[in-house]
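> This one is query.txt, compact mmCIF, C-alpha atoms.
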```txt
# COMPACT_ATOMS: atom_id res chain seq x y z
CA MET D 13 2.19 -20.74 8.85
CA HIS D 14 -1.49 -20.87 9.80
CA VAL D 15 -4.06 -20.96 7.03
CA CYS D 16 -7.62 -19.81 7.64
CA GLY D 17 -9.98 -22.32 6.03
CA PRO D 18 -9.68 -25.51 3.99
CA PRO D 19 -6.36 -27.07 2.88
CA ASN D 20 -3.99 -24.63 1.18
CA GLU D 21 -4.43 -25.54 -2.49
CA SER D 22 -4.26 -23.02 -5.31
CA ILE D 23 -7.21 -24.43 -7.28
CA TYR D 24 -10.42 -26.05 -6.05
CA GLU D 25 -12.58 -28.08 -8.46
CA PHE D 26 -16.34 -28.22 -8.00
CA ASP D 27 -16.39 -31.95 -7.16
CA ASN D 28 -18.42 -33.87 -4.60
CA ASN D 29 -15.88 -33.23 -1.84
CA TYR D 30 -16.00 -29.45 -2.06
CA GLN D 31 -19.42 -28.67 -3.54
CA ILE D 32 -21.16 -28.13 -0.22
CA HIS D 33 -18.26 -27.04 2.00
CA LEU D 34 -16.52 -24.68 -0.41
CA PHE D 35 -18.71 -23.75 -3.37
CA VAL D 36 -21.90 -22.67 -1.59
CA PRO D 37 -20.31 -20.58 1.21
CA LEU D 38 -17.97 -18.88 -1.23
CA MET D 39 -20.72 -18.00 -3.70
CA ILE D 40 -22.94 -16.65 -0.92
CA SER D 41 -20.03 -14.57 0.29
CA LEU D 42 -19.27 -13.33 -3.22
CA PHE D 43 -22.87 -12.29 -3.90
CA SER D 44 -23.11 -10.41 -0.62
CA VAL D 45 -19.72 -8.73 -1.00
CA CYS D 46 -20.32 -7.61 -4.57
CA ARG D 47 -23.62 -5.97 -3.56
CA GLY D 48 -25.61 -6.61 -6.68
CA ARG D 49 -22.66 -6.95 -9.05
CA ILE D 50 -23.69 -10.49 -10.04
CA PRO D 51 -22.72 -10.04 -13.73
CA PHE D 52 -19.20 -9.15 -12.60
CA VAL D 53 -19.02 -12.28 -10.41
CA ILE D 54 -20.37 -14.52 -13.18
CA ARG D 55 -17.72 -13.23 -15.60
CA HIS D 56 -15.04 -14.35 -13.17
CA PHE D 57 -16.40 -17.74 -12.12
CA SER D 58 -17.99 -19.11 -15.26
CA ARG D 59 -15.21 -21.60 -15.98
CA GLY D 60 -16.13 -24.21 -13.35
CA VAL D 61 -12.94 -23.56 -11.37
CA ILE D 62 -12.56 -21.15 -8.49
CA ARG D 63 -9.28 -19.74 -7.26
CA ASP D 64 -8.43 -20.22 -3.62
CA ALA D 65 -9.51 -16.97 -1.97
CA LEU D 66 -8.02 -17.87 1.38
CA LEU D 67 -4.78 -16.15 2.32
CA PRO D 68 -2.55 -17.39 5.15
CA CYS D 69 -3.06 -15.79 8.57
CA GLU D 70 0.20 -14.26 9.78
CA SER D 71 0.65 -11.99 12.79
CA VAL D 72 3.96 -10.74 11.33
CA VAL D 73 5.54 -11.11 7.88
CA GLU D 74 9.06 -10.33 6.68
CA LEU D 75 8.90 -7.28 4.44
CA SER D 76 10.89 -6.79 1.25
CA CYS D 77 13.25 -3.81 1.54
CA GLU D 78 15.28 -1.72 -0.90
CA VAL D 79 18.00 0.85 -0.24
CA TYR D 80 17.64 3.79 -2.61
CA LYS D 81 21.28 4.29 -3.59
CA HIS D 82 22.19 7.28 -5.73
CA ARG D 83 24.47 6.55 -8.68
CA GLY D 84 27.06 8.99 -7.39
CA ASP D 85 28.99 8.81 -4.15
CA VAL D 86 26.91 9.76 -1.14
CA ASN D 87 28.81 10.22 2.10
CA TYR D 88 26.47 9.84 5.04
CA ASP D 89 27.30 8.95 8.60
CA GLN D 90 24.64 6.77 10.18
CA GLN D 91 26.03 7.72 13.59
CA ARG D 92 24.94 11.31 12.97
CA SER D 93 22.25 11.02 10.28
CA PRO D 94 19.13 8.96 11.08
CA PRO D 95 17.96 6.77 8.19
CA MET D 96 14.74 7.51 6.35
CA MET D 97 12.07 4.91 5.61
CA MET D 98 9.37 5.42 2.94
CA LEU D 99 6.02 3.58 3.04
CA HIS D 100 3.87 3.30 -0.09
CA GLY D 101 0.09 3.46 -0.44
CA LEU D 102 -2.57 0.93 -1.39
CA PHE D 103 -1.73 -0.89 -4.66
CA GLY D 104 1.78 0.62 -4.53
CA SER D 105 5.24 -0.75 -3.84
CA LYS D 106 8.69 0.39 -2.81
CA LEU D 107 9.45 0.97 -6.51
CA ASN D 108 7.18 4.05 -6.42
CA TYR D 109 9.81 5.91 -4.38
CA ARG D 110 12.98 4.73 -6.13
CA THR D 111 13.70 7.90 -8.14
CA VAL D 112 12.77 10.44 -5.46
CA GLY D 113 14.36 8.26 -2.75
CA ARG D 114 17.73 8.32 -4.52
CA LYS D 115 17.50 12.09 -4.93
CA ILE D 116 16.61 12.61 -1.26
CA SER D 117 19.53 10.39 -0.25
CA GLN D 118 21.90 12.46 -2.40
CA LEU D 119 20.71 15.88 -1.23
CA ALA D 120 20.09 15.14 2.45
CA LYS D 121 23.11 12.80 2.71
CA LEU D 122 21.31 10.05 4.54
CA GLU D 123 20.34 6.45 3.93
CA VAL D 124 16.86 6.11 2.43
CA LYS D 125 14.95 2.82 2.25
CA GLY D 126 11.59 1.61 0.98
CA LEU D 127 9.47 -1.30 2.20
CA ASP D 128 6.78 -3.39 0.53
CA PHE D 129 3.76 -3.94 2.78
CA ARG D 130 2.24 -7.41 3.07
CA ASN D 131 0.23 -8.27 -0.08
CA HIS D 132 2.20 -5.71 -2.09
CA GLY D 133 5.33 -5.75 -4.21
CA SER D 134 7.70 -8.57 -3.29
CA SER D 135 6.41 -9.13 0.25
CA PRO D 136 4.37 -12.22 1.22
CA HIS D 137 0.59 -12.41 0.92
CA ALA D 138 -1.23 -12.74 4.23
CA ILE D 139 -4.17 -11.56 6.31
CA PRO D 140 -5.13 -9.51 8.21
CA LEU D 141 -4.77 -6.35 6.16
CA SER D 142 -5.38 -4.09 9.16
CA TYR D 143 -3.43 -1.02 10.14
CA ASN D 144 -2.24 -2.66 13.35
CA ALA D 145 -0.90 -5.61 11.34
CA LEU D 146 0.81 -3.33 8.80
CA ALA D 147 2.39 -1.23 11.56
CA GLY D 148 3.48 -4.40 13.38
CA ASP D 149 5.27 -5.65 10.27
CA VAL D 150 7.20 -2.38 9.91
CA ILE D 151 8.12 -2.26 13.61
CA HIS D 152 9.28 -5.88 13.38
CA HIS D 153 11.45 -5.00 10.38
CA ILE D 154 13.01 -1.99 12.13
CA GLU D 155 13.81 -3.91 15.31
CA ARG D 156 15.10 -7.02 13.53
CA HIS D 157 16.87 -5.71 10.44
CA GLU D 158 17.90 -2.11 11.14
CA ASP D 159 20.63 -0.74 13.40
CA ILE D 160 18.32 -0.12 16.33
CA ASP D 161 21.10 1.35 18.50
CA ALA D 162 21.96 3.95 15.83
CA ILE D 163 18.28 4.74 15.36
CA LYS D 164 17.78 5.37 19.06
CA ARG D 165 20.98 7.43 19.26
CA ASN D 166 19.40 9.70 16.66
CA ASP D 167 16.10 9.79 18.55
CA GLY D 168 14.52 7.63 15.86
CA LEU D 169 14.41 7.38 12.08
CA ILE D 170 12.57 9.64 9.64
CA LEU D 171 9.32 7.99 8.59
CA LEU D 172 7.32 8.95 5.48
CA GLY D 173 4.10 7.43 4.21
CA HIS D 174 1.51 8.06 1.49
CA LEU D 175 -2.21 7.17 1.73
CA MET D 176 -2.27 3.76 3.46
CA GLY D 177 1.42 4.20 4.25
CA ALA D 178 0.66 7.59 5.81
CA LYS D 179 -1.73 6.05 8.31
CA VAL D 180 0.75 3.27 9.07
CA ALA D 181 3.49 5.86 9.64
CA MET D 182 1.23 7.92 11.94
CA LEU D 183 0.27 4.83 13.90
CA ILE D 184 3.90 3.79 14.40
CA ALA D 185 4.85 7.30 15.54
CA LEU D 186 2.02 7.30 18.08
CA GLN D 187 2.61 3.73 19.30
CA ARG D 188 6.42 3.76 19.24
CA PRO D 189 7.65 7.37 19.37
CA ASP D 190 11.08 6.07 20.36
CA LEU D 191 11.53 4.77 16.81
CA VAL D 192 10.58 8.00 14.97
CA SER D 193 12.44 11.32 15.02
CA LYS D 194 10.43 13.05 12.28
CA LEU D 195 7.19 12.11 10.54
CA ILE D 196 6.06 13.02 7.00
CA VAL D 197 2.39 12.42 6.14
CA VAL D 198 1.60 12.52 2.42
CA ASP D 199 -2.05 13.40 1.77
CA ASN D 200 -3.99 11.47 4.38
CA SER D 201 -5.63 12.19 7.74
CA PRO D 202 -5.92 10.47 11.13
CA ILE D 203 -9.66 9.91 10.64
CA LYS D 204 -11.94 7.12 9.45
CA GLN D 205 -13.04 7.54 5.84
CA ASP D 206 -15.37 5.69 3.48
CA LEU D 207 -13.11 4.87 0.52
CA GLU D 208 -15.21 2.24 -1.25
CA ALA D 209 -15.71 4.47 -4.30
CA PHE D 210 -11.94 5.03 -4.43
CA VAL D 211 -10.93 1.38 -3.98
CA ARG D 212 -13.57 -0.92 -5.50
CA PRO D 213 -13.44 0.21 -9.18
CA LYS D 214 -9.67 -0.31 -9.22
CA LEU D 215 -10.03 -3.82 -7.81
CA GLU D 216 -12.79 -4.73 -10.25
CA GLY D 217 -10.70 -3.47 -13.16
CA MET D 218 -7.63 -5.46 -12.11
CA CYS D 219 -9.75 -8.58 -11.56
CA GLU D 220 -11.18 -8.28 -15.07
CA ILE D 221 -7.66 -7.93 -16.45
CA GLU D 222 -6.58 -11.13 -14.68
CA ARG D 223 -9.53 -12.95 -16.18
CA GLU D 224 -8.73 -11.59 -19.64
CA LEU D 225 -5.11 -12.74 -19.34
CA GLU D 226 -6.05 -16.21 -18.11
CA GLY D 227 -5.02 -18.86 -20.62
CA THR D 228 -2.96 -16.55 -22.82
CA LYS D 229 0.81 -16.69 -23.25
CA ALA D 230 0.94 -13.55 -25.36
CA PRO D 231 3.66 -11.09 -24.35
CA ASN D 232 2.61 -8.07 -22.34
CA SER D 233 3.39 -5.78 -25.28
CA ALA D 234 0.71 -7.55 -27.31
CA MET D 235 -1.81 -7.44 -24.44
CA TRP D 236 -1.10 -3.86 -23.34
CA PRO D 237 -3.73 -2.15 -25.55
CA ARG D 238 -6.39 -4.59 -24.33
CA ILE D 239 -5.32 -4.15 -20.70
CA THR D 240 -5.45 -0.37 -21.06
CA LEU D 241 -8.90 -0.53 -22.62
CA ILE D 242 -10.27 -2.71 -19.81
CA LEU D 243 -8.88 -0.51 -17.06
CA SER D 244 -10.15 2.67 -18.72
CA LYS D 245 -13.70 1.47 -17.96
CA TYR D 246 -12.92 1.66 -14.26
CA VAL D 247 -10.26 4.38 -13.87
CA GLU D 248 -10.41 7.68 -15.78
CA ASP D 249 -6.98 9.09 -14.99
CA GLU D 250 -4.29 7.82 -17.39
CA ARG D 251 -1.44 8.20 -14.89
CA GLU D 252 -3.42 6.28 -12.29
CA ARG D 253 -4.09 3.48 -14.79
CA PHE D 254 -0.37 3.20 -15.51
CA PHE D 255 0.29 3.06 -11.76
CA LEU D 256 -2.10 0.12 -11.35
CA MET D 257 -0.77 -1.67 -14.45
CA SER D 258 2.76 -1.46 -13.03
CA ASN D 259 1.65 -4.08 -10.48
CA LEU D 260 1.28 -6.71 -13.19
CA ASP D 261 3.85 -9.46 -12.66
CA VAL D 262 5.71 -9.40 -15.95
CA LYS D 263 8.67 -11.48 -14.76
CA GLY D 264 6.84 -14.50 -13.38
CA LYS D 265 6.58 -17.75 -15.31
CA VAL D 266 3.42 -17.98 -17.45
CA THR D 267 1.95 -21.34 -18.46
CA ALA D 268 -1.50 -22.80 -19.05
CA SER D 269 -1.75 -23.58 -15.32
CA ILE D 270 0.13 -20.49 -14.09
CA PRO D 271 -1.59 -17.44 -15.64
CA ARG D 272 -0.22 -13.92 -15.51
CA ARG D 273 -1.42 -12.11 -12.38
CA PHE D 274 -0.94 -8.93 -10.40
CA ARG D 275 1.56 -8.95 -7.55
CA ILE D 276 -1.37 -7.92 -5.35
CA PRO D 277 -3.98 -10.64 -4.57
CA VAL D 278 -6.72 -8.52 -6.15
CA LEU D 279 -9.40 -11.21 -6.31
CA GLU D 280 -8.94 -12.05 -2.64
CA PHE D 281 -9.08 -8.34 -1.81
CA LEU D 282 -12.34 -7.95 -3.73
CA GLN D 283 -14.07 -11.08 -2.44
CA ASN D 284 -13.34 -10.29 1.20
CA ASP D 285 -13.47 -6.47 1.16
CA LEU D 286 -9.92 -6.50 2.53
CA ALA D 287 -8.78 -3.31 0.81
CA LEU D 288 -11.73 -1.34 2.21
CA ASN D 289 -9.86 -1.35 5.53
CA VAL D 290 -7.68 1.37 4.02
CA GLY D 291 -10.27 3.92 5.17
CA ASP D 292 -10.04 2.83 8.80
CA TRP D 293 -8.25 4.66 11.63
CA PRO D 294 -7.81 2.27 14.60
CA LEU D 295 -7.16 4.98 17.19
CA ASN D 296 -10.59 6.42 16.41
CA ARG D 297 -12.03 3.76 18.73
CA GLN D 298 -9.82 4.67 21.68
CA PRO D 299 -11.25 6.97 24.37
CA SER D 300 -7.91 8.73 24.93
CA LYS D 301 -5.63 9.92 22.12
CA PRO D 302 -1.85 9.33 22.30
CA LYS D 303 0.44 12.25 21.45
CA PHE D 304 3.55 12.55 19.29
CA HIS D 305 5.68 15.53 20.35
CA LYS D 306 8.27 15.55 17.56
CA PRO D 307 8.19 17.39 14.18
CA VAL D 308 5.50 16.38 11.68
CA LEU D 309 5.21 17.55 8.06
CA ILE D 310 1.79 17.28 6.41
CA MET D 311 1.91 17.23 2.61
CA LYS D 312 -1.55 18.28 1.49
CA ALA D 313 -2.71 18.01 -2.13
CA LYS D 314 -4.85 21.02 -3.05
CA HIS D 315 -7.08 19.03 -5.42
CA SER D 316 -7.66 16.04 -3.17
CA ASP D 317 -10.26 15.18 -0.54
CA PHE D 318 -8.02 13.07 1.67
CA ILE D 319 -7.19 16.02 3.95
CA ASP D 320 -10.31 18.10 4.40
CA GLU D 321 -11.05 20.65 7.12
CA ARG D 322 -12.12 17.96 9.58
CA GLY D 323 -9.03 15.84 8.88
CA LEU D 324 -6.67 18.80 9.18
CA LYS D 325 -8.19 19.74 12.54
CA GLU D 326 -7.85 16.17 13.81
CA PHE D 327 -4.07 16.23 13.37
CA SER D 328 -3.74 18.57 16.36
CA ASN D 329 -5.38 15.98 18.61
CA TYR D 330 -2.41 13.63 18.04
CA PHE D 331 0.55 15.78 16.96
CA THR D 332 1.93 18.87 18.68
CA GLN D 333 4.56 20.11 16.17
CA LEU D 334 2.83 20.48 12.83
CA LYS D 335 3.92 22.03 9.54
CA VAL D 336 1.74 21.96 6.40
CA ASP D 337 3.00 22.14 2.81
CA THR D 338 0.28 22.40 0.13
CA PHE D 339 0.86 21.10 -3.40
CA ASP D 340 -1.11 22.37 -6.39
CA THR D 341 -1.99 18.90 -7.65
CA ASN D 342 -4.24 15.93 -6.98
CA HIS D 343 -3.66 13.03 -4.58
CA TRP D 344 -0.63 11.69 -6.51
CA ILE D 345 1.90 14.25 -5.25
CA VAL D 346 5.03 12.15 -5.81
CA ALA D 347 4.14 11.27 -9.40
CA ASN D 348 2.85 14.71 -10.43
CA GLN D 349 5.31 16.99 -8.65
CA PRO D 350 8.44 14.96 -7.85
CA GLU D 351 10.83 17.93 -7.72
CA GLU D 352 8.61 19.92 -5.36
CA PHE D 353 8.13 16.78 -3.26
CA VAL D 354 11.91 16.24 -2.93
CA ARG D 355 12.55 19.88 -2.05
CA SER D 356 9.89 19.83 0.66
CA VAL D 357 11.19 16.59 2.18
CA VAL D 358 14.84 17.70 2.18
CA ALA D 359 13.99 21.09 3.72
CA PHE D 360 12.04 19.38 6.49
CA ILE D 361 14.83 16.90 7.15
CA GLU D 362 17.45 19.65 7.35
CA ASP D 363 15.34 21.94 9.54
CA LYS D 364 17.05 21.88 12.94
CA GLU D 365 14.37 23.85 14.80
```
Let me see the structure of the file written as C-alpha cells.


Amino acid sequence: MHVCGPPNESIYEFDNNYQIHLFVPLMISLFSVCRGRIPFVIRHFSRGVIRDALLPCESVVELSCEVYKHRGDVNYDQQRSPPMMMLHGLFGSKLNYRTVGRKISQLAKLEVKGLDFRNHGSSPHAIPLSYNALAGDVIHHIERHEDIDAIKRNDGLILLGHLMGAKVAMLIALQRPDLVSKLIVVDNSPIKQDLEAFVRPKLEGMCEIERELEGTKAPNSAMWPRITLILSKYVEDERERFFLMSNLDVKGKVTASIPRRFRIPVLEFLQNDLALNVGDWPLNRQPSKPKFHKPVLIMKAKHSDFIDERGLKEFSNYFTQLKVDTFDTNHWIVANQPEEFVRSVVAFIEDKE
C-alpha cells in the first residue's frame, strides 16, 4: 500500500517534529479549501491534535459485496439469466438497495448484488475518488470475483447506479460494453455539474457530528436527538438526514482514543474537496464520444435538477437505445417510491425487445 504524505499515523501532535512540515501546510490547505469558513475549521481543530487527513493511494481496492437474497426460494439459472449489480450514490452503501434488491431478485428471478465503493460502507478508504478509479474498482471486482464466462455468455450483466453510481455505471458501459447487457441510470446525466451546494453542507454537518461525539461513550440512542439537531442546521429534508445518519458506525469499538465516526472519511473529504469530484464527467474532456448500443433505462425524478434538458439531450450522444421513466418525486427515487422503482426495473429487465 502506498501512502501519500508523511508516515501513516492516525494522530499527529503539534510537536517540534511536525510543526513546520505538517501543521502549517495543513492549516493553509484547510483555510483555502473552506473558503472563508474559518469558524468551522477552528471548531474542529481547537484541541491541539489534528487527525491524519492523508488517505492511502490505491489504484484498485477490493470492494465489499452483498447478494440480495429473498427470504423465499428463488430459482434462477445464471446460465440463462445475467446477474444484476447495483451501485449506490455518494454517502450511500450497498445497504440502501437491500430491500428493493431482494424484491427485484424474487420477481425477475435473477441474482442481484450490491457493492460498496471505496470510502463507503465496508470497503477500504483510499484515494483517488475519481470516476475512473471507481469504475476500475468495479471492473476489477467483476473480472476477479464474478463468473465472467457466464456474464459474457449473457452478453454482460445488468448494471444499475444512482447519482455517483449512475455515472460509474455509464462509464463502465461505455468503456467495457462487453461486461454490460443492460444499463439503468437513476437520476443523473453524462455531463459535468457543479454540486458544491449539494455536497458541502452534508460534509460539514457530518464533520460537526464527529466533533460532537469525540470523547463521549454515550450510546447512540442518547446522542440521537443531539445528532439530529446538528444535522438539521445543514440538511432540511428529514429523510435525507436519516440517510446520512445511517452512515454512523454504531458497531465499532468506542474508547477515549477511538471515537465514534462515520464509515465515510468525511473530514478527509472536506479538507481535500474529494467529494466535489462527484459532479465530474471524465468523458467530457474527450474529443470523440464512445457509444453504447444496448438498452438503457433512464429513471428521471420529476422534482430534481440532476437530469435537466441539457443532460437529457446529452444521453443521445453516448447511448443509442434509450427509454425514459419519470417518477413524481425528488432525487431520492428508491427511498420515496420503492414499489414504482421495482416495477420499472423488473419491466425493463424482462423486456426482450

> Can I get the residues of region 164-236 of chain D within 12 Å of region 106-129 of chain D, each with the closest pair of atoms and their distance in Å to one decimal, using all atoms listed in the file, sorted chain first then ascending number, as CSV?


```
residue,atom,partner,partner_atom,distance
D:Leu169,CA,D:Val124,CA,10.0
D:Ile170,CA,D:Val124,CA,9.1
D:Leu171,CA,D:Val124,CA,9.9
D:Leu172,CA,D:Gly126,CA,9.6
D:Gly173,CA,D:Gly126,CA,10.0
D:His174,CA,D:Tyr109,CA,10.4
D:Met176,CA,D:Phe129,CA,9.8
D:Gly177,CA,D:Phe129,CA,8.6
D:Val180,CA,D:Phe129,CA,10.0
D:Ala181,CA,D:Leu127,CA,11.9
```

> Between D:His152, D:Arg355, D:His137, D:Arg275, which has the minimum distance to Cys69 (chain D) (counting all atoms listed in the file)?

D:His137

> Using all atoms listed in the file, which residues sit within 10 Å of Phe210 (chain D) once same-chain residues fewer than 4 positions away are excluded, as an mmCIF file with C-alpha atoms, in the coordinates of the input?


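Result written to part.cif:
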```cif
data_model
loop_
_atom_site.group_PDB
_atom_site.id
_atom_site.type_symbol
_atom_site.label_atom_id
_atom_site.label_comp_id
_atom_site.auth_asym_id
_atom_site.auth_seq_id
_atom_site.Cartn_x
_atom_site.Cartn_y
_atom_site.Cartn_z
ATOM 1 C CA ASP D 206 -15.370 5.690 3.480
ATOM 2 C CA LYS D 214 -9.670 -0.310 -9.220
ATOM 3 C CA LEU D 215 -10.030 -3.820 -7.810
ATOM 4 C CA VAL D 247 -10.260 4.380 -13.870
ATOM 5 C CA LEU D 288 -11.730 -1.340 2.210
ATOM 6 C CA GLY D 291 -10.270 3.920 5.170
#
```

> Just checking: using all atoms listed in the file, which residue out of D:Phe339, D:Tyr246, D:Met182, D:Leu191 ends up closest to Pro213 (chain D)?

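That would be D:Tyr246, the residue with the smallest distance to Pro213 (chain D).
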
> Between D:Ile345, D:His315, D:Leu141, D:Pro95, which residue has the minimum interatomic distance to Ala162 (chain D), considering all atoms listed in the file?

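When distances to Ala162 (chain D) are compared using all atoms listed in the file, the smallest one comes from D:Pro95.
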
> When you draw a straight line from CA of Gly227 (chain D) to CA of Arg251 (chain D), how long is it in Å?

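Spanning CA of Gly227 (chain D) to CA of Arg251 (chain D) is a straight-line distance of 27.9 Å.
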
> Please measure the separation of CA of Pro189 (chain D) and CA of Lys306 (chain D), giving the value in Å to one decimal.

8.4 Å

> What's the 7 Å shell around His343 (chain D), counting only C-alpha atoms, without same-chain residues fewer than 4 positions away, as JSON, numbers by chain?

{"D": [199, 313, 315, 316]}

> Counting all atoms listed in the file, which of D:Asn259, D:Ser193, D:Asn200, D:Ser233 gets nearest to Val308 (chain D)?

D:Ser193

> I want to know what sits within 9 Å of Ser135 (chain D), based on all atoms listed in the file, with residues of the same chain fewer than 4 positions away left out; could you give that as an MDAnalysis selection string?

chainID D and resid 73:77 127:131

> In Å, with one decimal, what is the gap from CA of Phe304 (chain D) to CA of Val290 (chain D)?

22.0 Å

> Which residue out of D:Lys81, D:Lys314, D:His305, D:Arg297 has the minimum interatomic distance to Leu334 (chain D) when all atoms listed in the file are used?

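For Leu334 (chain D), the nearest of the given residues is D:His305.
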
> Taking every listed atom of region 339-351 of chain D and adding 3 Å to each side, what centre and edge lengths in Å (one decimal) does the axis-aligned box have, as AutoDock Vina command-line options?


```
--center_x 3.3 --center_y 16.8 --center_z -6.9 --size_x 21.1 --size_y 17.1 --size_z 13.0
```

> Please provide the set of residues having any atom within 12 Å of Phe281 (chain D), restricted to only C-alpha atoms, with same-chain residues fewer than 6 positions apart removed, written as a PyMOL selection string.

chain D and resi 42+45-46+65-67+102-103+131-132+137-141+211-212+214-216+218-219+274+287-290

> With distances taken over only C-alpha atoms, which residue among D:Pro94, D:Glu222, D:Asn348, D:Gln205 lies nearest Gly168 (chain D)?

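Of D:Pro94, D:Glu222, D:Asn348, D:Gln205, the one nearest Gly168 (chain D) is D:Pro94, counting only C-alpha atoms.
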